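**Q** File follows, model04.cif with mmCIF, C-alpha atoms and all ligand atoms:
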```
data_upload
loop_
_atom_site.label_atom_id
_atom_site.label_comp_id
_atom_site.auth_asym_id
_atom_site.auth_seq_id
_atom_site.Cartn_x
_atom_site.Cartn_y
_atom_site.Cartn_z
CA MET A 1 0.00 0.00 0.00
CA ALA A 2 1.29 3.44 -0.92
CA GLU A 3 1.68 4.86 2.55
CA GLY A 4 4.55 7.03 3.80
CA ASP A 5 6.75 4.03 4.56
CA SER A 6 6.34 2.38 1.16
CA ILE A 7 7.02 5.70 -0.62
CA ARG A 8 10.24 6.04 1.38
CA ARG A 9 11.28 2.53 0.43
CA LEU A 10 10.51 3.32 -3.22
CA ALA A 11 12.58 6.53 -3.05
CA ALA A 12 15.53 4.60 -1.59
CA ARG A 13 15.25 1.95 -4.31
CA LEU A 14 15.13 4.55 -7.12
CA ASN A 15 18.05 6.47 -5.62
CA ALA A 16 20.11 3.29 -5.46
CA SER A 17 19.36 2.21 -9.04
CA LEU A 18 19.05 5.51 -10.90
CA GLY A 19 20.43 8.32 -8.72
CA GLY A 20 23.27 10.23 -10.41
CA ARG A 21 22.42 8.84 -13.86
CA ASP A 22 21.62 10.82 -17.00
CA VAL A 23 18.36 10.57 -18.88
CA VAL A 24 19.16 9.77 -22.53
CA ALA A 25 15.56 9.88 -23.80
CA ALA A 26 12.21 10.58 -22.21
CA GLN A 27 8.56 11.15 -22.79
CA PHE A 28 6.31 13.13 -20.49
CA TRP A 29 2.57 13.16 -21.06
CA ARG A 30 2.29 16.94 -21.16
CA GLY A 31 5.73 17.59 -22.62
CA GLY A 32 8.14 20.09 -21.11
CA PHE A 33 10.64 17.69 -19.59
CA GLU A 34 14.11 19.08 -20.23
CA GLY A 35 16.20 16.04 -19.32
CA GLY A 36 19.38 16.00 -17.27
CA ARG A 37 20.73 13.90 -14.46
CA LEU A 38 18.56 12.44 -11.71
CA LEU A 39 19.99 14.12 -8.62
CA THR A 40 17.83 12.58 -5.95
CA VAL A 41 14.45 11.04 -5.23
CA ALA A 42 12.76 12.28 -2.07
CA ALA A 43 9.60 11.26 -0.24
CA ALA A 44 7.33 13.88 1.32
CA GLY A 45 4.56 12.03 3.10
CA LYS A 46 2.92 9.97 0.38
CA HIS A 47 4.31 12.19 -2.41
CA LEU A 48 7.39 11.33 -4.48
CA LEU A 49 9.74 14.05 -5.76
CA MET A 50 12.33 13.20 -8.45
CA ARG A 51 14.78 16.09 -8.80
CA PHE A 52 16.76 16.59 -12.01
CA SER A 53 19.92 18.60 -12.65
CA GLY A 54 18.12 21.05 -14.94
CA GLY A 55 16.12 22.38 -11.99
CA GLN A 56 12.98 20.37 -12.69
CA THR A 57 11.13 18.08 -10.29
CA VAL A 58 8.81 15.28 -11.35
CA HIS A 59 6.10 15.13 -8.71
CA SER A 60 3.92 12.03 -8.41
CA HIS A 61 1.38 10.51 -6.04
CA LEU A 62 0.57 6.81 -6.42
CA ARG A 63 -2.78 6.80 -4.57
CA MET A 64 -4.14 3.23 -4.80
CA GLN A 65 -3.21 2.30 -8.35
CA GLY A 66 -0.04 4.04 -9.55
CA SER A 67 3.43 2.50 -9.72
CA TRP A 68 6.94 3.34 -10.88
CA ARG A 69 8.65 0.41 -12.59
CA ILE A 70 12.15 -0.01 -13.96
CA HIS A 71 12.13 -1.88 -17.29
CA ARG A 72 15.03 -3.44 -19.19
CA PRO A 73 17.41 -1.12 -21.12
CA GLY A 74 15.90 0.08 -24.39
CA TRP A 75 12.32 -0.70 -23.34
CA ARG A 76 9.52 1.39 -24.87
CA PRO A 77 5.80 1.17 -24.12
CA GLY A 78 4.05 -0.88 -26.80
CA PRO A 79 0.48 -0.47 -28.05
CA ALA A 80 -0.65 -2.98 -25.41
CA THR A 81 1.04 -1.12 -22.55
CA ASP A 82 -1.60 1.37 -21.66
CA ARG A 83 -1.70 4.18 -19.18
CA ILE A 84 2.02 5.02 -19.31
CA ARG A 85 2.07 8.79 -18.84
CA ALA A 86 5.83 9.14 -18.66
CA TRP A 87 9.03 7.19 -19.14
CA PHE A 88 12.67 8.09 -18.59
CA ASP A 89 15.44 6.14 -20.33
CA PHE A 90 18.53 5.86 -18.13
CA GLY A 91 20.59 3.94 -20.70
CA PRO A 92 22.15 0.77 -19.26
CA ALA A 93 20.32 1.25 -15.93
CA GLY A 94 16.96 0.70 -17.63
CA VAL A 95 13.82 2.68 -18.34
CA LEU A 96 11.73 4.10 -15.53
CA ALA A 97 8.02 4.26 -16.37
CA ALA A 98 4.97 5.69 -14.59
CA HIS A 99 2.18 3.12 -14.72
CA ALA A 100 -1.41 4.29 -14.14
CA MET A 101 -0.08 7.27 -12.20
CA PRO A 102 -3.01 9.40 -11.03
CA VAL A 103 -0.94 12.48 -10.11
CA LEU A 104 2.05 13.33 -12.30
CA GLN A 105 3.37 16.80 -12.98
CA LEU A 106 6.52 18.81 -13.63
CA LEU A 107 7.52 21.62 -11.31
CA PRO A 108 10.53 23.87 -10.90
CA THR A 109 12.45 22.28 -8.01
CA ALA A 110 12.41 25.70 -6.35
CA ARG A 111 8.58 25.55 -6.35
CA GLU A 112 7.98 22.09 -4.89
CA ASP A 113 5.86 23.87 -2.30
CA LEU A 114 3.14 24.06 -4.96
CA ALA A 115 2.83 20.27 -4.63
CA VAL A 116 3.75 19.58 -1.03
CA GLY A 117 3.58 22.94 0.77
CA HIS A 118 0.21 22.11 2.29
CA LEU A 119 1.51 19.01 4.08
CA GLY A 120 1.83 18.82 7.84
CA PRO A 121 4.94 17.35 9.54
CA ASP A 122 6.14 14.07 8.00
CA ILE A 123 5.77 11.23 10.49
CA LEU A 124 8.85 9.49 9.07
CA ALA A 125 11.10 12.57 8.86
CA GLU A 126 14.16 12.91 11.08
CA GLN A 127 12.78 16.05 12.74
CA TRP A 128 9.47 14.31 13.58
CA PRO A 129 10.01 14.10 17.38
CA ARG A 130 10.35 17.89 17.50
CA GLN A 131 7.36 18.43 15.20
CA ARG A 132 5.05 15.90 16.83
CA PRO A 133 3.49 18.32 19.36
CA ALA A 134 2.46 20.68 16.54
CA ALA A 135 1.00 17.74 14.61
CA ALA A 136 -0.93 16.61 17.71
CA THR A 137 -2.35 20.12 18.10
CA ALA A 138 -3.40 20.11 14.43
CA VAL A 139 -5.03 16.67 14.75
CA ALA A 140 -7.11 17.88 17.71
CA ALA A 141 -7.80 21.34 16.24
CA ASP A 142 -11.23 20.27 15.00
CA PRO A 143 -12.33 18.58 18.24
CA GLY A 144 -15.56 17.08 16.88
CA ARG A 145 -13.93 15.40 13.89
CA ARG A 146 -13.46 11.63 14.10
CA ILE A 147 -9.90 10.73 15.07
CA ARG A 148 -9.50 8.31 12.14
CA GLU A 149 -10.20 11.15 9.69
CA ALA A 150 -8.05 13.71 11.52
CA LEU A 151 -5.09 11.27 11.34
CA LEU A 152 -5.50 10.80 7.57
CA ASP A 153 -5.76 14.52 6.77
CA GLN A 154 -2.26 15.09 5.38
CA ARG A 155 -2.39 18.78 6.32
CA ASN A 156 -2.22 17.74 9.99
CA VAL A 157 0.47 15.10 9.66
CA CYS A 158 1.68 13.48 6.46
CA GLY A 159 2.65 9.90 5.67
CA ILE A 160 -0.06 8.04 7.60
CA GLY A 161 -2.25 5.95 5.32
CA ASN A 162 -5.38 4.05 6.21
CA LEU A 163 -3.54 0.85 7.15
CA TRP A 164 -1.40 2.54 9.79
CA ALA A 165 -4.30 4.65 11.10
CA VAL A 166 -6.54 1.59 11.53
CA GLU A 167 -3.83 -0.55 13.11
CA GLY A 168 -2.41 2.28 15.22
CA LEU A 169 -5.83 3.02 16.72
CA PHE A 170 -6.22 -0.67 17.58
CA VAL A 171 -2.85 -0.80 19.34
CA ALA A 172 -3.70 2.46 21.15
CA GLY A 173 -7.08 1.02 22.22
CA VAL A 174 -8.89 4.02 20.72
CA TRP A 175 -12.34 3.70 19.10
CA PRO A 176 -11.75 5.08 15.57
CA HIS A 177 -14.91 7.24 15.65
CA THR A 178 -13.89 9.04 18.86
CA PRO A 179 -13.99 12.85 18.48
CA ALA A 180 -10.39 14.00 18.02
CA GLY A 181 -10.73 16.42 20.94
CA ALA A 182 -11.31 13.49 23.33
CA VAL A 183 -8.16 11.59 22.27
CA ASP A 184 -4.58 11.95 23.50
CA ALA A 185 -3.41 12.71 19.96
CA ASP A 186 0.24 13.02 20.95
CA ARG A 187 0.26 9.49 22.40
CA VAL A 188 -1.46 8.08 19.29
CA LEU A 189 0.97 9.87 16.95
CA GLU A 190 3.96 8.71 18.97
CA LEU A 191 2.71 5.13 18.74
CA ILE A 192 1.93 5.21 15.00
CA GLY A 193 5.31 6.87 14.34
CA ARG A 194 7.08 4.05 16.19
CA MET A 195 5.09 1.37 14.37
CA MET A 196 5.83 2.93 10.96
CA ARG A 197 9.55 3.27 11.69
CA LEU A 198 9.71 -0.35 12.73
CA GLY A 199 7.89 -1.30 9.52
CA LEU A 200 10.30 0.80 7.47
CA ARG A 201 13.29 -0.89 9.11
CA ASN A 202 11.84 -4.37 8.64
CA GLY A 203 10.70 -3.64 5.09
CA SER A 204 7.22 -4.82 6.04
CA GLN A 205 3.76 -3.43 6.74
CA SER A 206 3.14 -6.07 9.39
CA THR A 207 1.80 -4.41 12.53
CA THR A 208 1.61 -7.57 14.63
CA GLY A 209 5.31 -8.36 14.29
CA ASP A 210 4.30 -11.63 12.62
CA LEU A 211 5.39 -11.84 8.99
CA ARG A 212 3.43 -15.00 8.16
CA ARG A 213 0.71 -14.67 5.54
CA GLY A 214 -2.68 -13.80 7.07
CA ARG A 215 -1.15 -12.83 10.43
CA THR A 216 0.34 -9.44 9.62
CA HIS A 217 -2.53 -7.24 10.86
CA TRP A 218 -4.62 -6.88 14.01
CA VAL A 219 -7.93 -5.73 12.52
CA TYR A 220 -7.27 -4.27 9.05
CA GLY A 221 -9.15 -6.30 6.43
CA ARG A 222 -10.43 -8.73 9.10
CA TYR A 223 -14.19 -7.96 9.25
CA ARG A 224 -16.10 -10.52 11.36
CA ARG A 225 -12.98 -12.48 12.12
CA PRO A 226 -12.01 -12.91 15.78
CA CYS A 227 -9.88 -10.18 17.35
CA ARG A 228 -6.39 -11.56 17.90
CA ARG A 229 -6.46 -10.32 21.49
CA CYS A 230 -9.98 -11.03 22.75
CA ALA A 231 -11.73 -13.05 20.00
CA THR A 232 -14.58 -10.49 19.63
CA PRO A 233 -15.61 -10.30 15.94
CA VAL A 234 -13.92 -7.36 14.22
CA ALA A 235 -16.29 -4.53 13.22
CA PHE A 236 -16.22 -2.60 9.94
CA VAL A 237 -17.64 0.51 8.25
CA PRO A 238 -17.20 1.15 4.52
CA ALA A 239 -15.74 4.38 3.20
CA GLY A 240 -18.02 7.42 3.29
CA PRO A 241 -18.20 10.44 0.99
CA GLY A 242 -15.60 12.61 2.78
CA PRO A 243 -12.04 12.62 1.40
CA TYR A 244 -10.65 11.09 4.60
CA ASP A 245 -13.67 8.96 5.47
CA ARG A 246 -11.98 5.67 4.58
CA GLU A 247 -13.05 2.10 5.28
CA THR A 248 -12.37 1.23 8.90
CA TRP A 249 -12.01 -1.86 11.05
CA TRP A 250 -11.89 -2.07 14.85
CA CYS A 251 -12.47 -4.40 17.78
CA PRO A 252 -15.57 -3.30 19.75
CA PHE A 253 -14.09 -4.74 22.97
CA CYS A 254 -10.45 -3.59 22.73
CA GLN A 255 -11.47 -0.18 21.28
CA PRO A 256 -14.69 0.66 23.14
CA ASP A 257 -16.91 3.65 22.40
CA PRO A 258 -15.90 6.08 25.18
CA SER A 259 -19.24 7.91 25.35
CA PRO A 260 -21.29 7.02 28.44
CA PRO A 261 -24.27 4.73 27.76
CA VAL A 262 -27.64 6.51 27.56
ZN ZN A 301 -10.32 -7.29 20.88
#
```
Is it possible to express this structure as structure tokens?
Ligand SMILES: [Zn+2]
**A**
Amino acid sequence: MAEGDSIRRLAARLNASLGGRDVVAAQFWRGGFEGGRLLTVAAAGKHLLMRFSGGQTVHSHLRMQGSWRIHRPGWRPGPATDRIRAWFDFGPAGVLAAHAMPVLQLLPTAREDLAVGHLGPDILAEQWPRQRPAAATAVAADPGRRIREALLDQRNVCGIGNLWAVEGLFVAGVWPHTPAGAVDADRVLELIGRMMRLGLRNGSQSTTGDLRRGRTHWVYGRYRRPCRRCATPVAFVPAGPGPYDRETWWCPFCQPDPSPPV
């Protein structure tokens, strides 16, 4: 899943294979790519920034469906390869292509803020421990908003995707629909940050610490199956119309509704 940790892993992989190499041919769906050397690939939350020596940045966001793939040297998209909006030929290192990329644009590197300036502190950035209190304040700033949505709003904190929000709230014992103002947001952010760093180090999105198939998550994707802690059937709500109202799973016993019974 294209969450902050997987984008960071992708950036590291692209830096290792293509960083410092020259583009010998390229095609960009809107034109305007001036070529040059790939200086560095950076992750900003769930956004990917590829910076070139000519002062241009290729900005992309994978959402659910996009991917960057490195093809063999000399590769070109054929008539059957659809939805390639850009490719960059790095000679012997292969051809990097954007497959089904929903967000793909060129920016002056000096104006990357146009793409990522709205983002809150990055949960996987080095300076995160210093920025966490500000992110916690932002998460709780709209006290009536559900915590699961406040955590996914990338303006508050960037890099958390639905998987880490759902699993983090389980580990924190917080009902995902709790109003953000009633949650210790700093504690939840500290916990999710630790879980994501561990995942990044292990190269895995397992939240249980178990890497075996079918055992990697506490509640995510486990509707009606027994909670791994207490055996209560896992609850689920589908995604709603709001941009951050994503599908959600939780354990009704381990993550109880905090409001007093009427
Ligand atoms: Zn449970």
**Q** Applying 12 Å and only C-alpha atoms, which residues near Gly54 of chain A remain after dropping the ones on its own chain fewer than 6 positions away? List them as a PyMOL selection string.
**A** chain A and resi 22-23+32-39+106-110
**Q** Export, as an mmCIF file, in the frame of the given file, the selected residues with C-alpha atoms.
**A**
```cif
data_model
loop_
_atom_site.group_PDB
_atom_site.id
_atom_site.type_symbol
_atom_site.label_atom_id
_atom_site.label_comp_id
_atom_site.auth_asym_id
_atom_site.auth_seq_id
_atom_site.Cartn_x
_atom_site.Cartn_y
_atom_site.Cartn_z
ATOM 1 C CA ASP A 22 21.620 10.820 -17.000
ATOM 2 C CA VAL A 23 18.360 10.570 -18.880
ATOM 3 C CA GLY A 32 8.140 20.090 -21.110
ATOM 4 C CA PHE A 33 10.640 17.690 -19.590
ATOM 5 C CA GLU A 34 14.110 19.080 -20.230
ATOM 6 C CA GLY A 35 16.200 16.040 -19.320
ATOM 7 C CA GLY A 36 19.380 16.000 -17.270
ATOM 8 C CA ARG A 37 20.730 13.900 -14.460
ATOM 9 C CA LEU A 38 18.560 12.440 -11.710
ATOM 10 C CA LEU A 39 19.990 14.120 -8.620
ATOM 11 C CA LEU A 106 6.520 18.810 -13.630
ATOM 12 C CA LEU A 107 7.520 21.620 -11.310
ATOM 13 C CA PRO A 108 10.530 23.870 -10.900
ATOM 14 C CA THR A 109 12.450 22.280 -8.010
ATOM 15 C CA ALA A 110 12.410 25.700 -6.350
#
```
**Q** Can you list every residue of chain A that has an atom at most 8 Å from ligand ZN 301 (chain A), with its nearest atom pair and the distance in Å to one decimal, using all atoms listed in the file, ordered by chain then number, as JSON lines?
**A**
```
{"residue": "A:Pro226", "atom": "CA", "partner": "A:ZN301", "partner_atom": "ZN", "distance": 7.8}
{"residue": "A:Cys227", "atom": "CA", "partner": "A:ZN301", "partner_atom": "ZN", "distance": 4.6}
{"residue": "A:Arg228", "atom": "CA", "partner": "A:ZN301", "partner_atom": "ZN", "distance": 6.5}
{"residue": "A:Arg229", "atom": "CA", "partner": "A:ZN301", "partner_atom": "ZN", "distance": 4.9}
{"residue": "A:Cys230", "atom": "CA", "partner": "A:ZN301", "partner_atom": "ZN", "distance": 4.2}
{"residue": "A:Ala231", "atom": "CA", "partner": "A:ZN301", "partner_atom": "ZN", "distance": 6.0}
{"residue": "A:Thr232", "atom": "CA", "partner": "A:ZN301", "partner_atom": "ZN", "distance": 5.5}
{"residue": "A:Pro233", "atom": "CA", "partner": "A:ZN301", "partner_atom": "ZN", "distance": 7.8}
{"residue": "A:Val234", "atom": "CA", "partner": "A:ZN301", "partner_atom": "ZN", "distance": 7.6}
{"residue": "A:Cys251", "atom": "CA", "partner": "A:ZN301", "partner_atom": "ZN", "distance": 4.8}
{"residue": "A:Pro252", "atom": "CA", "partner": "A:ZN301", "partner_atom": "ZN", "distance": 6.7}
{"residue": "A:Phe253", "atom": "CA", "partner": "A:ZN301", "partner_atom": "ZN", "distance": 5.0}
{"residue": "A:Cys254", "atom": "CA", "partner": "A:ZN301", "partner_atom": "ZN", "distance": 4.1}
{"residue": "A:Gln255", "atom": "CA", "partner": "A:ZN301", "partner_atom": "ZN", "distance": 7.2}
```
**Q** Quick one: of A:Met64, A:Ile160, A:Leu18, A:Val171, who's nearest to Ala93 of chain A, counting all atoms listed in the file?
**A**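 Under the stated criterion, the closest residue is A:Leu18.
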**Q** Identify which of the residues A:Arg146, A:Arg225, A:Arg83, A:His71 lies closest to His177 of chain A, counting all atoms listed in the file when measuring atom-to-atom distances.
**A**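 Using all atoms listed in the file, His177 of chain A sits closest to A:Arg146.
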**Q** Which residue is closest to Val157 of chain A? Choose from A:Asp210, A:Asp89, A:Asp186, A:Glu112 and count all atoms listed in the file.
**A**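 Between A:Asp210, A:Asp89, A:Asp186, A:Glu112, the residue approaching Val157 of chain A most closely is A:Asp186.
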**Q** Contacts of Gln65 of chain A at 10 Å or less, counting all atoms listed in the file, minus same-chain residues fewer than 5 places along, as a PDB file with C-alpha atoms, in the frame of the given file?
**A**
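selection-v2.pdb written:
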```
ATOM      1  CA  MET A   1       0.000   0.000   0.000  1.00  0.00           C
ATOM      2  CA  ALA A   2       1.290   3.440  -0.920  1.00  0.00           C
ATOM      3  CA  HIS A  99       2.180   3.120 -14.720  1.00  0.00           C
ATOM      4  CA  ALA A 100      -1.410   4.290 -14.140  1.00  0.00           C
ATOM      5  CA  MET A 101      -0.080   7.270 -12.200  1.00  0.00           C
ATOM      6  CA  PRO A 102      -3.010   9.400 -11.030  1.00  0.00           C
TER       7      PRO A 102
END
```
